[in-house]
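A.B. asks: What follows is a structure written as structure tokens; I'll ask about it next.
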Amino acid sequence: MRQPWRVAVVGGGIAGLAAAVRLRDRAPADTEITVYEQSGALGGKLRTGELAGQPVEFGAESFLVRDPAGGESAALTLVRRLGLAGQVVHPTVGRAAVAVDGGLRPIPGGTLVGVPGDLAAVATVARPDADADRDEGRPLLDPDVDVAVGALVRRRLGDEVVDRLVDPMLGGVYAGRADDLSLATTMPALAHAARTAHTLTGAVRAAQAAAPRAPGAPVFATVAGGLSRLVEAAAAASGATIRQHAAVRELTRVAGGWRLTVGPTREPEHVEVDAVVLAVPARPAARLLAPTDPDAATTVGALDYAGVALVTLVLPAPDLPELSGFLVPATEGLSIKASTFFTTKWGHLRRPDGSALLRASVGRYGDETQLHRPDADLAATAHREVSGVLGTTLPDPVAGHVQRWGGALPQYTPGHLDRVAGVRAALRRAHPTLTLAGAGYDGVGIPVCVRSGETAADEIITALGGAGS
């Protein structure tokens with residue numbers, strides 16, 4: 001008689017939870033799924049808290065509604081699967097700015113993560129080197145070649161486009177620098193187009209044409225009441241046994257599957273399962289992989305991360321511009337790298353008393369010393385620097401919160417996707433019932449992490465013998 005499959009999902013972030021939901025939907029109905037989360041909270045970087053009596057995101061704020069091909073994103077599909085479609089809300093203000101030369105200038109439209117398809121469109125913010133983006137009779141990139149975003153854009157359009165547009169946009173997402181980040185990982189649509197286009201502006205236009213967006217169509221969405229509702233719904237829908245405060249310290253290959261060593265060293269618990277989804281960041285994944293596949297562990301463990309601090313302030317009736325927020329290039333010399341005007345951007349968050357929620361992000365890769373400053377110092381700095389950019393003294397906050405995410409954002413250097421593909425291929429050959437999922441491997445953002453978890457679950461189902469009826 002067939003025994004029920006036993007699958008362990010190590011990591012209770014959105015990638016791990018998406019894997020658990022996929023297993024519940026597609027694996028045999030009696031499959032035993034257990035999610036192990038070493039902290040006391042599910043959701044990873046999705047964390048909704050409360051400030052001045054209202055829900056506030058202390059982590060990820062929203063998700064993309066489309067995938068790179070122009071279809072519905074994996075995050076929105078999951079939201080529908082979980083019965084939350086009626087709770088989806090979109091920004092009411094989408095206009096953003098960039099802080100340049102001590103003031104705000106609107107972010108030009110028609111760019112792809114700051115890279116323009118029309119040079120005239122960005123002239124108010126940066127002066128492109130139009131002569132450099134000449135057609136040289138061959139594609140910008142050879143097949144399977146990856147480069148740093150900054151290297152390509154600087155070569156084709158000059159420094160100002162990188163420093164004033166591309167770098168702050170990438171920094172807002174990854175807390176990294178354009179000169180270090182992989183084009184294929186962070187901007188896959190542009191990388192694909194650059195393998196056929198002869199100019200960078202042409203590649204941008206081709207990438208945009210490949211995934212057209214209807215005028216006025218929303219780009220981002222969230223869930224009313226906070227993204228923790230998505231986390232809770234996914235955990236419930238998975239039907240998994242949820243183990244919090246359950247650190248998986250060792251992973252050992254045994255006959256027919258895997259043995260997990262869970263819990264404190266003095267009182268370890270040993271659990272045997274048929275398959276494992278490792279949905280944890282690269283370094284803990286490397287530690288668990290090391291006894292079984294040292295080469296994979298070395299490659300995975302080499303991925304570096306940046307930390308960030310998110311400072312949220314409640315301000316009484318401030319005079320804020322009608323913007324969703326602004327980005328800050330590193331060349332401006334400020335500690336903050338971005339600010340979001342939550343109650344302007346999201347109409348459902350507006351408060352009857354006129355107070356406003358403002359969030360500022362601190363922390364760039366290579367400058368982690370900022371994150372060691374006390375909470376009060378970070379809050380005061382954010383208040384002062386946002387006031388300076390806006391050219392007005394904002395009222396003193398009536399409440400505030402500082403959320404630190406140490407080592408939260410992967411730094412994908414050129415060749416990252418090939419390295420991950422090599423690790424996965426080796427694991428598939430030698431250990432097909434062990435898969436990797438999460439931002440450390442496939443990219444940041446809720447849709448990417450959801451798709452990563454679902455793909456890992458599908459591979460486990462295939463390895464164990466196919467989906468049930």
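Here's how to read the names in the structure tokens: chain A, B, ... by the order shown, residue numbers from 1 in each chain, ligand numbers from 1 in the order shown.
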Neighbours of region 23-38 of chain A within 6 Å (only C-alpha atoms; same-chain residues fewer than 3 positions away dropped), as a list of chain:residue names?

C.D. replies: A:Pro4, A:Trp5, A:Arg6, A:Val7, A:Ala8, A:Val9, A:Val10, A:Gly11, A:Gly12, A:Ala20, A:Ser238, A:Ala240, A:Thr241, A:Ile242, A:Arg243, A:Gln244, A:His245, A:Ala246, A:Ala247, A:Ala457, A:Ala467, A:Gly468

A.B. asks: Which residues are close to region 437-443 of chain A, i.e. within 9 Å by only C-alpha atoms, leaving aside same-chain residues fewer than 3 positions away? Reply as a ChimeraX atom specification.

C.D. replies: /A:13-16,19,185-186,277-282,300,303,305,409-412,416-417,420-421,446,448-457

A.B. asks: Which residues come within 12 Å of Arg154 (chain A), counting only C-alpha atoms, excluding same-chain residues fewer than 6 positions away, as a list of chain:residue names?

C.D. replies: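 Within the cut-off, the hits are A:Val115, A:Arg127, A:Pro128, A:Asp129, A:Ala130, A:Ala132, A:Asp133, A:Val147, A:Ala148, A:Glu160, A:Val161, A:Val162, A:Asp163, A:Arg164, A:Leu165, A:Val166, A:Asp167, A:Ala178, A:Asp179, A:Leu200.
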
A.B. asks: Take the selection from the previous step and output its residues with N, CA and C atoms, as a short mmCIF file (atom, residue, chain, number, x, y, z; two decimals), in the first residue's frame.

C.D. replies:
data_model
loop_
_atom_site.label_atom_id
_atom_site.label_comp_id
_atom_site.auth_asym_id
_atom_site.auth_seq_id
_atom_site.Cartn_x
_atom_site.Cartn_y
_atom_site.Cartn_z
N VAL A 115 16.12 53.10 -17.66
CA VAL A 115 16.82 53.10 -18.95
C VAL A 115 15.84 53.60 -20.02
N ARG A 127 21.51 63.95 -18.64
CA ARG A 127 21.94 64.25 -20.02
C ARG A 127 22.57 63.01 -20.63
N PRO A 128 21.81 62.30 -21.47
CA PRO A 128 22.37 61.09 -22.09
C PRO A 128 23.44 61.44 -23.12
N ASP A 129 24.35 60.53 -23.30
CA ASP A 129 25.35 60.66 -24.36
C ASP A 129 24.77 60.02 -25.62
N ALA A 130 24.05 60.81 -26.41
CA ALA A 130 23.34 60.28 -27.57
C ALA A 130 24.29 59.69 -28.60
N ALA A 132 26.89 57.97 -28.14
CA ALA A 132 27.47 56.68 -27.77
C ALA A 132 26.58 55.50 -28.14
N ASP A 133 25.27 55.74 -28.28
CA ASP A 133 24.35 54.63 -28.55
C ASP A 133 24.16 54.43 -30.05
N VAL A 147 26.04 40.90 -18.15
CA VAL A 147 26.91 42.02 -17.77
C VAL A 147 26.25 42.76 -16.61
N ALA A 148 27.02 43.62 -15.97
CA ALA A 148 26.45 44.52 -14.97
C ALA A 148 25.61 45.58 -15.67
N GLU A 160 25.41 59.99 -16.36
CA GLU A 160 24.28 60.63 -15.69
C GLU A 160 23.02 59.76 -15.72
N VAL A 161 22.79 59.05 -16.80
CA VAL A 161 21.61 58.18 -16.86
C VAL A 161 21.71 57.10 -15.80
N VAL A 162 22.90 56.57 -15.59
CA VAL A 162 23.08 55.55 -14.54
C VAL A 162 22.94 56.18 -13.16
N ASP A 163 23.68 57.26 -12.91
CA ASP A 163 23.76 57.81 -11.57
C ASP A 163 22.44 58.44 -11.11
N ARG A 164 21.69 59.04 -12.04
CA ARG A 164 20.50 59.78 -11.64
C ARG A 164 19.20 59.01 -11.84
N LEU A 165 19.23 57.96 -12.63
CA LEU A 165 18.00 57.22 -12.89
C LEU A 165 18.11 55.74 -12.59
N VAL A 166 19.01 55.05 -13.27
CA VAL A 166 19.07 53.60 -13.15
C VAL A 166 19.53 53.18 -11.76
N ASP A 167 20.57 53.80 -11.27
CA ASP A 167 21.12 53.42 -9.96
C ASP A 167 20.11 53.63 -8.83
N ALA A 178 24.04 49.74 -9.53
CA ALA A 178 23.90 49.30 -10.93
C ALA A 178 25.20 48.74 -11.47
N ASP A 179 26.32 49.23 -10.98
CA ASP A 179 27.61 48.76 -11.49
C ASP A 179 27.96 47.36 -11.01
N LEU A 200 20.86 50.44 -27.32
CA LEU A 200 20.22 50.26 -26.02
C LEU A 200 18.80 50.84 -26.04
#

A.B. asks: Between A:Glu232, A:Glu267, A:Glu322, A:Glu61, which one has atoms that come closest to Arg249 (chain A), using only C-alpha atoms?

C.D. replies: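 That would be A:Glu267, the residue with the smallest distance to Arg249 (chain A).
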
A.B. asks: Which neighbours of Leu427 (chain A) fall inside 10 Å, counting only C-alpha atoms, when residues of the same chain fewer than 3 positions from it are skipped, and could you give them as a ChimeraX atom specification?

C.D. replies: /A:289,292-293,296,421-424,430-436

A.B. asks: Extract, using only C-alpha atoms, all DNA, RNA and protein residues at most 9 Å from Ala360 (chain A), discarding same-chain residues fewer than 6 positions from it, and format them as a list in words.

C.D. replies: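 My list of contacting residues is Ala309, Leu310, Val311, Thr312, Leu313, Ile336, Lys337, Ala338, Ser339, Thr340, Phe341, Ala379, Ala382, His383 and Val386 of chain A.
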
A.B. asks: Residues as selected, N, CA and C atoms, written as a PDB file, in the first residue's frame, can you do that?

C.D. replies:
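For reference, result18.pdb as written:
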ATOM      1  N   ALA A 309      17.081  49.419   6.474  1.00  0.00           N
ATOM      2  CA  ALA A 309      16.210  49.830   7.578  1.00  0.00           C
ATOM      3  C   ALA A 309      15.076  50.664   7.007  1.00  0.00           C
ATOM      4  N   LEU A 310      13.852  50.359   7.424  1.00  0.00           N
ATOM      5  CA  LEU A 310      12.677  51.090   6.960  1.00  0.00           C
ATOM      6  C   LEU A 310      12.137  51.912   8.129  1.00  0.00           C
ATOM      7  N   VAL A 311      12.134  53.220   7.950  1.00  0.00           N
ATOM      8  CA  VAL A 311      11.691  54.153   8.988  1.00  0.00           C
ATOM      9  C   VAL A 311      10.303  54.658   8.606  1.00  0.00           C
ATOM     10  N   THR A 312       9.306  54.337   9.410  1.00  0.00           N
ATOM     11  CA  THR A 312       7.938  54.780   9.152  1.00  0.00           C
ATOM     12  C   THR A 312       7.540  55.810  10.200  1.00  0.00           C
ATOM     13  N   LEU A 313       7.029  56.943   9.732  1.00  0.00           N
ATOM     14  CA  LEU A 313       6.634  58.036  10.615  1.00  0.00           C
ATOM     15  C   LEU A 313       5.178  58.404  10.370  1.00  0.00           C
ATOM     16  N   ILE A 336      19.195  58.513   3.349  1.00  0.00           N
ATOM     17  CA  ILE A 336      18.019  57.836   2.807  1.00  0.00           C
ATOM     18  C   ILE A 336      18.220  57.576   1.315  1.00  0.00           C
ATOM     19  N   LYS A 337      17.633  56.478   0.835  1.00  0.00           N
ATOM     20  CA  LYS A 337      17.718  56.193  -0.593  1.00  0.00           C
ATOM     21  C   LYS A 337      16.361  56.237  -1.278  1.00  0.00           C
ATOM     22  N   ALA A 338      15.310  56.356  -0.482  1.00  0.00           N
ATOM     23  CA  ALA A 338      13.969  56.474  -1.044  1.00  0.00           C
ATOM     24  C   ALA A 338      13.018  56.879   0.057  1.00  0.00           C
ATOM     25  N   SER A 339      11.891  57.455  -0.345  1.00  0.00           N
ATOM     26  CA  SER A 339      10.817  57.748   0.592  1.00  0.00           C
ATOM     27  C   SER A 339       9.486  57.505  -0.102  1.00  0.00           C
ATOM     28  N   THR A 340       8.535  56.934   0.636  1.00  0.00           N
ATOM     29  CA  THR A 340       7.201  56.659   0.116  1.00  0.00           C
ATOM     30  C   THR A 340       6.180  57.397   0.961  1.00  0.00           C
ATOM     31  N   PHE A 341       5.255  58.103   0.299  1.00  0.00           N
ATOM     32  CA  PHE A 341       4.166  58.782   0.992  1.00  0.00           C
ATOM     33  C   PHE A 341       2.965  57.834   0.973  1.00  0.00           C
ATOM     34  N   ALA A 379      15.449  57.646  12.733  1.00  0.00           N
ATOM     35  CA  ALA A 379      14.177  58.342  12.558  1.00  0.00           C
ATOM     36  C   ALA A 379      14.398  59.844  12.388  1.00  0.00           C
ATOM     37  N   ALA A 382      15.910  60.519   8.935  1.00  0.00           N
ATOM     38  CA  ALA A 382      14.904  60.407   7.878  1.00  0.00           C
ATOM     39  C   ALA A 382      14.011  61.643   7.852  1.00  0.00           C
ATOM     40  N   HIS A 383      13.573  62.082   9.012  1.00  0.00           N
ATOM     41  CA  HIS A 383      12.711  63.263   9.098  1.00  0.00           C
ATOM     42  C   HIS A 383      13.426  64.496   8.558  1.00  0.00           C
ATOM     43  N   VAL A 386      14.147  64.043   4.538  1.00  0.00           N
ATOM     44  CA  VAL A 386      12.938  64.193   3.719  1.00  0.00           C
ATOM     45  C   VAL A 386      12.498  65.653   3.716  1.00  0.00           C
TER      46      VAL A 386
END

A.B. asks: Any idea what the distance is between CA of Ala126 (chain A) and CA of Pro91 (chain A)?

C.D. replies: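 Between these atoms lies a distance of 26.9 Å.
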
A.B. asks: Using Å and a single decimal, report how far CA of Leu17 (chain A) sits from CA of Ser62 (chain A).

C.D. replies: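 We find that CA of Ser62 (chain A) and CA of Leu17 (chain A) lie 17.3 Å from each other.
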
A.B. asks: Among the residues of region 326-413 of chain A, find those DSSP assigns to alpha helix (DSSP H) from the backbone and print them as a list in words.

C.D. replies: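 Taking region 326-413 of chain A and keeping alpha helix (DSSP H) only, one gets Phe342, Thr343, Thr344, Lys345, Asp375, Ala376, Asp377, Leu378, Ala379, Ala380, Thr381, Ala382, His383, Arg384, Glu385, Val386, Ser387, Gly388, Val389 and Leu390 of chain A.
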
A.B. asks: Could you give me the residues within region 12-203 of chain A that DSSP places in strand (DSSP E), as number ranges by chain?

C.D. replies: A: 32-37, 48-51, 54-57, 63-64, 88-89, 96-100, 103-106, 111-112, 115-116
